[in-house]
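This is target_35.cif (mmCIF, C-alpha atoms).
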data_work
#
loop_
_atom_site.group_PDB
_atom_site.id
_atom_site.type_symbol
_atom_site.label_atom_id
_atom_site.label_comp_id
_atom_site.auth_asym_id
_atom_site.auth_seq_id
_atom_site.Cartn_x
_atom_site.Cartn_y
_atom_site.Cartn_z
ATOM 1 C CA MET F 4 65.870 31.848 57.296
ATOM 2 C CA ALA F 5 64.033 33.471 60.097
ATOM 3 C CA ASN F 6 65.730 35.235 62.950
ATOM 4 C CA ARG F 7 64.253 36.088 66.316
ATOM 5 C CA SER F 8 62.847 39.466 65.227
ATOM 6 C CA THR F 9 60.921 38.068 62.259
ATOM 7 C CA SER F 10 59.698 34.977 64.103
ATOM 8 C CA ARG F 11 58.147 37.169 66.801
ATOM 9 C CA ARG F 12 56.123 39.088 64.195
ATOM 10 C CA ARG F 13 54.527 36.000 62.730
ATOM 11 C CA THR F 14 51.135 35.056 64.012
ATOM 12 C CA GLY F 15 48.818 32.226 63.067
ATOM 13 C CA THR F 16 49.655 29.072 61.163
ATOM 14 C CA THR F 17 52.167 28.586 58.411
ATOM 15 C CA VAL F 18 51.137 28.279 54.770
ATOM 16 C CA SER F 19 52.478 25.444 52.643
ATOM 17 C CA ARG F 20 53.703 25.984 49.079
ATOM 18 C CA ARG F 21 50.685 24.113 47.762
ATOM 19 C CA GLN F 22 48.266 26.363 49.689
ATOM 20 C CA PHE F 23 50.123 29.476 48.566
ATOM 21 C CA GLY F 24 50.036 28.305 44.924
ATOM 22 C CA ALA F 25 46.325 27.508 45.095
ATOM 23 C CA THR F 26 45.545 30.887 46.661
ATOM 24 C CA ALA F 27 47.645 32.750 44.087
ATOM 25 C CA GLY F 28 46.023 30.791 41.228
ATOM 26 C CA ILE F 29 42.534 31.623 42.461
ATOM 27 C CA ALA F 30 43.506 35.297 42.748
ATOM 28 C CA VAL F 31 44.853 35.340 39.174
ATOM 29 C CA ILE F 32 41.752 33.617 37.781
ATOM 30 C CA GLY F 33 39.461 35.932 39.748
ATOM 31 C CA THR F 34 41.319 38.993 38.473
ATOM 32 C CA GLY F 35 41.056 37.708 34.899
ATOM 33 C CA ILE F 36 37.327 37.087 35.209
ATOM 34 C CA LEU F 37 36.814 40.546 36.691
ATOM 35 C CA GLY F 38 38.874 42.081 33.884
ATOM 36 C CA MET F 39 36.804 40.272 31.256
ATOM 37 C CA ALA F 40 33.606 41.532 32.866
ATOM 38 C CA LEU F 41 34.859 45.115 32.768
ATOM 39 C CA LEU F 42 35.786 45.046 29.079
ATOM 40 C CA ASP F 43 33.664 47.041 26.685
ATOM 41 C CA LYS F 44 30.824 45.070 25.218
ATOM 42 C CA PRO F 45 31.311 44.464 21.477
ATOM 43 C CA ARG F 46 29.291 46.785 19.302
ATOM 44 C CA GLY F 47 26.571 45.296 17.173
ATOM 45 C CA THR F 48 27.909 43.834 13.976
ATOM 46 C CA LEU F 49 26.133 43.975 10.660
ATOM 47 C CA ALA F 50 25.506 41.021 8.354
ATOM 48 C CA THR F 51 27.771 41.269 5.300
ATOM 49 C CA VAL F 52 27.977 40.000 1.730
ATOM 50 C CA GLY F 53 31.225 39.613 -0.203
ATOM 51 C CA GLN F 54 32.258 38.723 -3.730
ATOM 52 C CA PRO F 55 35.279 38.763 -6.039
ATOM 53 C CA VAL F 56 35.145 41.611 -8.553
ATOM 54 C CA SER F 57 36.833 42.665 -11.791
ATOM 55 C CA MET F 58 37.295 46.376 -12.544
ATOM 56 C CA GLY F 59 38.685 48.585 -15.260
ATOM 57 C CA ASP F 60 39.910 47.547 -18.697
ATOM 58 C CA PRO F 61 38.518 44.115 -19.689
ATOM 59 C CA ALA F 62 41.765 43.338 -21.524
ATOM 60 C CA ASN F 63 43.832 43.994 -18.359
ATOM 61 C CA PRO F 64 41.354 44.033 -15.436
ATOM 62 C CA THR F 65 42.127 44.949 -11.850
ATOM 63 C CA MET F 66 40.874 42.158 -9.628
ATOM 64 C CA GLY F 67 39.619 42.571 -6.097
ATOM 65 C CA TYR F 68 37.325 41.457 -3.310
ATOM 66 C CA PHE F 69 34.332 43.601 -2.333
ATOM 67 C CA VAL F 70 32.453 43.167 0.938
ATOM 68 C CA ARG F 71 29.725 45.392 2.376
ATOM 69 C CA PRO F 72 26.858 45.303 4.854
ATOM 70 C CA GLN F 73 23.761 43.640 3.372
ATOM 71 C CA SER F 74 21.630 46.764 3.290
ATOM 72 C CA GLY F 75 22.009 50.510 3.109
ATOM 73 C CA LYS F 76 24.724 52.878 1.904
ATOM 74 C CA HIS F 77 27.973 53.005 3.844
ATOM 75 C CA PRO F 78 31.328 54.843 3.664
ATOM 76 C CA GLY F 79 33.810 53.214 1.280
ATOM 77 C CA VAL F 80 37.266 51.831 2.039
ATOM 78 C CA VAL F 81 39.966 50.930 -0.492
ATOM 79 C CA SER F 82 42.677 48.536 0.686
ATOM 80 C CA TRP F 83 45.483 46.445 -0.821
ATOM 81 C CA ARG F 84 46.332 42.838 -0.079
ATOM 82 C CA SER F 85 49.139 42.333 2.403
ATOM 83 C CA GLY F 86 51.293 39.791 0.544
ATOM 84 C CA ASP F 87 52.004 38.364 -2.897
ATOM 85 C CA THR F 88 48.508 36.928 -3.249
ATOM 86 C CA MET F 89 45.214 37.685 -1.560
ATOM 87 C CA THR F 90 44.709 35.382 1.400
ATOM 88 C CA GLU F 91 41.750 34.527 3.560
ATOM 89 C CA ALA F 92 43.244 36.786 6.251
ATOM 90 C CA ASP F 93 42.951 39.764 3.865
ATOM 91 C CA ARG F 94 39.309 38.865 3.249
ATOM 92 C CA ASP F 95 38.684 38.429 6.991
ATOM 93 C CA GLU F 96 40.046 41.920 7.719
ATOM 94 C CA ALA F 97 37.730 43.323 5.055
ATOM 95 C CA ARG F 98 34.769 41.397 6.517
ATOM 96 C CA GLU F 99 35.501 42.735 10.018
ATOM 97 C CA LEU F 100 35.555 46.317 8.753
ATOM 98 C CA ALA F 101 32.379 45.730 6.724
ATOM 99 C CA ALA F 102 30.649 44.356 9.832
ATOM 100 C CA LYS F 103 31.386 47.723 11.459
ATOM 101 C CA GLY F 104 29.547 49.563 8.681
ATOM 102 C CA TYR F 105 31.936 50.069 5.731
ATOM 103 C CA ALA F 106 31.887 48.996 2.089
ATOM 104 C CA VAL F 107 35.404 47.561 1.650
ATOM 105 C CA LEU F 108 37.223 46.898 -1.614
ATOM 106 C CA VAL F 109 40.516 44.979 -1.373
ATOM 107 C CA ILE F 110 42.572 45.363 -4.547
ATOM 108 C CA ASP F 111 44.441 42.255 -5.660
ATOM 109 C CA ARG F 112 47.150 43.746 -7.834
ATOM 110 C CA SER F 113 48.666 41.046 -10.009
ATOM 111 C CA SER F 114 51.669 43.112 -11.017
ATOM 112 C CA GLY F 115 54.219 44.421 -8.563
ATOM 113 C CA ASP F 116 54.768 47.469 -10.744
ATOM 114 C CA ALA F 117 54.678 50.586 -8.560
ATOM 115 C CA ARG F 118 53.755 52.730 -11.583
ATOM 116 C CA SER F 119 50.354 51.008 -11.782
ATOM 117 C CA VAL F 120 49.382 51.885 -8.183
ATOM 118 C CA PRO F 121 47.837 55.306 -8.998
ATOM 119 C CA ASN F 122 45.867 53.781 -11.867
ATOM 120 C CA ASP F 123 44.657 50.894 -9.695
ATOM 121 C CA ALA F 124 43.592 53.338 -6.978
ATOM 122 C CA ARG F 125 41.767 55.501 -9.533
ATOM 123 C CA VAL F 126 39.959 52.482 -11.020
ATOM 124 C CA ALA F 127 39.056 51.169 -7.550
ATOM 125 C CA THR F 128 37.730 54.539 -6.400
ATOM 126 C CA TRP F 129 35.682 54.966 -9.582
ATOM 127 C CA TRP F 130 34.267 51.443 -9.244
ATOM 128 C CA LEU F 131 33.472 51.928 -5.547
ATOM 129 C CA LYS F 132 31.625 55.198 -6.270
ATOM 130 C CA HIS F 133 29.194 53.237 -8.451
ATOM 131 C CA GLN F 134 28.336 50.703 -5.740
ATOM 132 C CA GLN F 135 26.150 51.235 -2.684
ATOM 133 C CA VAL F 136 28.522 53.713 -1.069
ATOM 134 C CA ASN F 137 27.614 56.803 0.920
ATOM 135 C CA MET F 138 29.598 59.433 -0.981
ATOM 136 C CA LYS F 139 28.753 62.111 1.604
ATOM 137 C CA ALA F 140 30.767 60.124 4.153
ATOM 138 C CA GLY F 141 33.514 59.529 1.593
ATOM 139 C CA ILE F 142 36.016 56.879 0.587
ATOM 140 C CA GLY F 143 39.178 56.309 2.575
ATOM 141 C CA THR F 144 41.762 53.823 3.786
ATOM 142 C CA PRO F 145 41.365 51.221 6.551
ATOM 143 C CA LYS F 146 43.221 53.528 8.980
ATOM 144 C CA TRP F 147 40.796 56.363 8.127
ATOM 145 C CA ALA F 148 37.872 54.037 8.825
ATOM 146 C CA LEU F 149 39.265 52.860 12.169
ATOM 147 C CA ASN F 150 39.936 56.464 13.232
ATOM 148 C CA ARG F 151 36.311 57.297 12.437
ATOM 149 C CA LEU F 152 35.183 54.403 14.654
ATOM 150 C CA GLU F 153 37.486 55.316 17.548
ATOM 151 C CA PRO F 154 38.815 58.879 17.288
ATOM 152 C CA VAL F 155 42.400 59.399 18.412
ATOM 153 C CA ARG F 156 42.549 60.840 21.913
ATOM 154 C CA ARG F 157 45.256 63.405 22.529
ATOM 155 C CA VAL F 158 46.979 63.083 25.879
#
Would you mind writing the structure in this file as structure tokens?
Amino acid sequence: MANRSTSRRRTGTTVSRRQFGATAGIAVIGTGILGMALLDKPRGTLATVGQPVSMGDPANPTMGYFVRPQSGKHPGVVSWRSGDTMTEADRDEARELAAKGYAVLVIDRSSGDARSVPNDARVATWWLKHQQVNMKAGIGTPKWALNRLEPVRRV
């Protein structure tokens, strides 16, 4: 409710709820479009190739999925699947990292035995060393690779 002091301050015409909503909506859309324009442009992505692989002892192999850029030698990344079985989401994450310039091996461990983890990591690292991997850059984890792409900034 307006009292005398506030009604004296008002000048011009009144704005209906519909006009106010339309104006606010246009402002929100305009801000969103401006924000999208100011975002960093995506870096160039590399074409990748991927394939299922079998490593280690033929009697009890360690299975995995290997994806890398189509040409050249790149730093290696060893990763594990996120759930009970390897899903397309696990492969997509590996493809995204490979498109940024890494040779990614996702290990699909069939056993949940924690004692086999060091052996699986050793087999995966050995296997990855014998692929097109830049050993001068090294082999690391997905977090290591992302930190190399965007170094952590200390505040």
message: Counting all atoms listed in the file, which residue out of F:Ser119, F:Glu153, F:Ala27, F:Tyr105 sits closest to Asn63 of chain F?
response: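 Between F:Ser119, F:Glu153, F:Ala27, F:Tyr105, the residue approaching Asn63 of chain F most closely is F:Ser119.
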message: Quick check on the file I pasted: which residues fall under the PyMOL selection byres ((chain F and resi 141-150) around 12)? Write them as JSON, numbers by chain.
response: {"F": [76, 77, 78, 79, 80, 81, 82, 83, 84, 93, 96, 97, 98, 99, 100, 101, 103, 104, 105, 106, 107, 108, 109, 110, 124, 125, 127, 128, 129, 130, 131, 132, 133, 134, 135, 136, 137, 138, 139, 140, 151, 152, 153, 154, 155, 156]}
- prompt: What is the atom CA of Tyr68 of chain F-atom CA of Ser85 of chain F distance in Å, reported with one decimal?
  reply: 13.2 Å
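Of note, atom CA of Gln54 of chain F and atom CA of Thr90 of chain F are spaced 13.9 Å apart.
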- prompt: What gap, in Å, lies between atom CA of Val126 of chain F and atom CA of Ala62 of chain F?
  reply: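 Taking atom CA of Val126 of chain F as the start and atom CA of Ala62 of chain F as the end point, the length is 14.0 Å.
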- prompt: Of the residues F:Arg94, F:Gly86, F:Gly75, F:Thr65, which is the one nearest to Asp123 of chain F, using only C-alpha atoms?
  reply: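 Nearest to Asp123 of chain F: F:Thr65.
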